[in-house]
$ cat my_file.pdb   # PDB, C-alpha atoms and all ligand atoms
ATOM      1  CA  MET A   1     151.301 140.578 126.817
ATOM      2  CA  VAL A   2     153.131 143.700 125.732
ATOM      3  CA  THR A   3     153.868 146.185 128.514
ATOM      4  CA  MET A   4     153.895 149.972 128.309
ATOM      5  CA  ALA A   5     157.674 149.935 128.900
ATOM      6  CA  GLU A   6     158.147 147.660 125.874
ATOM      7  CA  ILE A   7     155.936 149.862 123.701
ATOM      8  CA  LYS A   8     157.856 152.939 124.887
ATOM      9  CA  SER A   9     161.175 151.238 124.110
ATOM     10  CA  PHE A  10     159.998 150.221 120.622
ATOM     11  CA  LEU A  11     158.657 153.697 119.839
ATOM     12  CA  GLY A  12     161.901 155.216 121.100
ATOM     13  CA  THR A  13     163.928 153.049 118.711
ATOM     14  CA  MET A  14     161.584 153.856 115.819
ATOM     15  CA  GLY A  15     161.776 157.566 116.629
ATOM     16  CA  LEU A  16     165.585 157.500 116.562
ATOM     17  CA  THR A  17     165.509 155.508 113.320
ATOM     18  CA  LEU A  18     163.123 157.967 111.678
ATOM     19  CA  ARG A  19     165.260 160.919 112.813
ATOM     20  CA  LYS A  20     168.355 159.310 111.282
ATOM     21  CA  LEU A  21     166.534 158.619 108.016
ATOM     22  CA  LEU A  22     165.276 162.205 107.816
ATOM     23  CA  ARG A  23     168.848 163.469 108.291
ATOM     24  CA  GLY A  24     169.922 161.221 105.415
ATOM     25  CA  GLU A  25     171.904 158.924 107.729
ATOM     26  CA  ASN A  26     172.105 155.153 107.588
ATOM     27  CA  ALA A  27     169.446 153.595 109.837
ATOM     28  CA  ILE A  28     169.813 150.040 108.569
ATOM     29  CA  ALA A  29     172.791 148.028 109.817
ATOM     30  CA  ASP A  30     175.309 146.438 107.437
ATOM     31  CA  TYR A  31     174.763 142.776 106.544
ATOM     32  CA  GLU A  32     177.793 141.613 108.573
ATOM     33  CA  ASP A  33     176.605 143.496 111.655
ATOM     34  CA  ILE A  34     173.086 142.081 111.297
ATOM     35  CA  GLN A  35     174.546 138.573 111.079
ATOM     36  CA  SER A  36     176.752 139.189 114.104
ATOM     37  CA  ARG A  37     173.772 140.383 116.155
ATOM     38  CA  ARG A  38     171.696 137.443 114.911
ATOM     39  CA  MET A  39     174.286 134.912 116.095
ATOM     40  CA  ILE A  40     174.397 136.522 119.534
ATOM     41  CA  CYS A  41     170.599 136.470 119.813
ATOM     42  CA  TYR A  42     170.303 132.889 118.556
ATOM     43  CA  SER A  43     172.548 131.682 121.371
ATOM     44  CA  CYS A  44     170.959 133.885 124.028
ATOM     45  CA  GLU A  45     169.007 132.576 127.004
ATOM     46  CA  PHE A  46     166.337 135.253 126.404
ATOM     47  CA  LEU A  47     165.489 134.016 122.883
ATOM     48  CA  THR A  48     162.022 132.533 122.466
ATOM     49  CA  GLY A  49     159.860 131.434 119.520
ATOM     50  CA  LYS A  50     159.656 128.491 117.162
ATOM     51  CA  THR A  51     160.749 129.869 113.798
ATOM     52  CA  LYS A  52     163.241 132.496 112.643
ATOM     53  CA  LYS A  53     160.359 134.803 111.709
ATOM     54  CA  THR A  54     158.778 134.535 115.160
ATOM     55  CA  PHE A  55     161.916 134.583 117.309
ATOM     56  CA  SER A  56     161.584 137.279 119.945
ATOM     57  CA  CYS A  57     163.429 138.504 122.988
ATOM     58  CA  LEU A  58     162.033 137.731 126.436
ATOM     59  CA  SER A  59     163.821 140.758 127.863
ATOM     60  CA  CYS A  60     162.324 143.449 125.589
ATOM     61  CA  ASN A  61     159.628 141.447 123.734
ATOM     62  CA  CYS A  62     160.966 142.672 120.372
ATOM     63  CA  ASN A  63     160.909 140.592 117.200
ATOM     64  CA  ILE A  64     164.536 139.610 116.659
ATOM     65  CA  SER A  65     164.476 139.729 112.846
ATOM     66  CA  LEU A  66     163.343 143.362 112.964
ATOM     67  CA  LYS A  67     165.314 144.517 115.970
ATOM     68  CA  ILE A  68     168.728 143.472 114.668
ATOM     69  CA  MET A  69     168.259 145.473 111.441
ATOM     70  CA  PHE A  70     168.223 148.969 112.937
ATOM     71  CA  THR A  71     171.437 150.820 113.770
ATOM     72  CA  THR A  72     169.601 152.564 116.616
ATOM     73  CA  ALA A  73     168.542 149.314 118.326
ATOM     74  CA  GLU A  74     170.464 147.809 121.200
ATOM     75  CA  CYS A  75     170.287 144.669 123.288
ATOM     76  CA  PRO A  76     168.491 145.329 126.599
ATOM     77  CA  GLU A  77     170.966 142.982 128.303
ATOM     78  CA  GLY A  78     174.052 144.756 126.911
ATOM     79  CA  LYS A  79     175.100 141.926 124.576
ATOM     80  CA  TRP A  80     175.277 144.229 121.514
ATOM     81  CA  LYS A  81     175.105 147.990 121.062
ATOM     82  CA  THR A  82     173.778 150.641 118.697
ATOM     83  CA  MET A  83     175.867 151.340 115.615
ATOM     84  CA  ASP A  84     177.090 154.618 114.263
ATOM     85  CA  TYR A  85     178.521 154.303 110.770
TER      86      TYR A  85
HETATM   87  S1  LIG B   1     168.302 141.324 122.153
HETATM   88 FE1  LIG B   1     169.851 140.756 123.691
HETATM   89  S2  LIG B   1     168.694 139.815 125.368
HETATM   90 FE2  LIG B   1     167.374 139.838 123.556
HETATM   91  S3  LIG B   1     167.672 137.832 122.575
HETATM   92 FE3  LIG B   1     169.106 139.297 121.617
HETATM   93  S4  LIG B   1     171.009 139.083 122.778
HETATM   94 FE4  LIG B   1     169.377 138.190 124.007
END
$ encode --input "my_file.pdb" --output "structure tokens" --more "lines below"
Ligand code: SF4
Amino acid sequence: MVTMAEIKSFLGTMGLTLRKLLRGENAIADYEDIQSRRMICYSCEFLTGKTKKTFSCLSCNCNISLKIMFTTAECPEGKWKTMDY
């Protein structure tokens, strides 16, 4: 079940992403950075799910494939940070 805190966190990330896009800034992370985040998540104790498409994070309940794409996203456990290109 998705909690209000998780919804708030997701909407916060989307809001920051939209703001960056409207300012003409890069909101999508570079391929290398996405891969780096992916490797961290795939070896994380909070990873859950059966396929790459359904992998999610037990800490924030986000879909991993989506979360790692946005420069404004960050790991709730401090394992990777937002990016500012
Ligand atoms: S976002 Fe952070 S806590 Fe969640 S699976 Fe990835 S590395 Fe682990």
$ resolve_selection --input "my_file.pdb" --expression "the PyMOL selection byres (((chain A and resi 70-84) around 6) and not hetatm)" --output "PyMOL selection string"
chain A and resi 13+27-29+68-69+85
$ closest_residue --input "my_file.pdb" --among "A:Leu11, A:Ile34, A:Cys62, A:Leu16" --to "ligand LIG 1 (chain B)" --atoms "all atoms listed in the file"
A:Cys62
$ closest_residue --input "my_file.pdb" --among "A:Gly15, A:Arg37, A:Ile7, A:Ile64" --to "Gly49 (chain A)" --atoms "all atoms listed in the file"
A:Ile64
$ closest_residue --input "my_file.pdb" --among "A:Leu21, A:Phe55, A:Leu47, A:Ser65" --to "ligand LIG 1 (chain B)" --atoms "all atoms listed in the file"
A:Leu47
$ atom_distance --input "my_file.pdb" --atom1 "CA of Ser9 (chain A)" --atom2 "CA of Phe46 (chain A)"
17.0 Å
$ atom_distance --input "my_file.pdb" --atom1 "atom S4 of ligand LIG 1 (chain B)" --atom2 "CA of Asn26 (chain A)"
22.1 Å
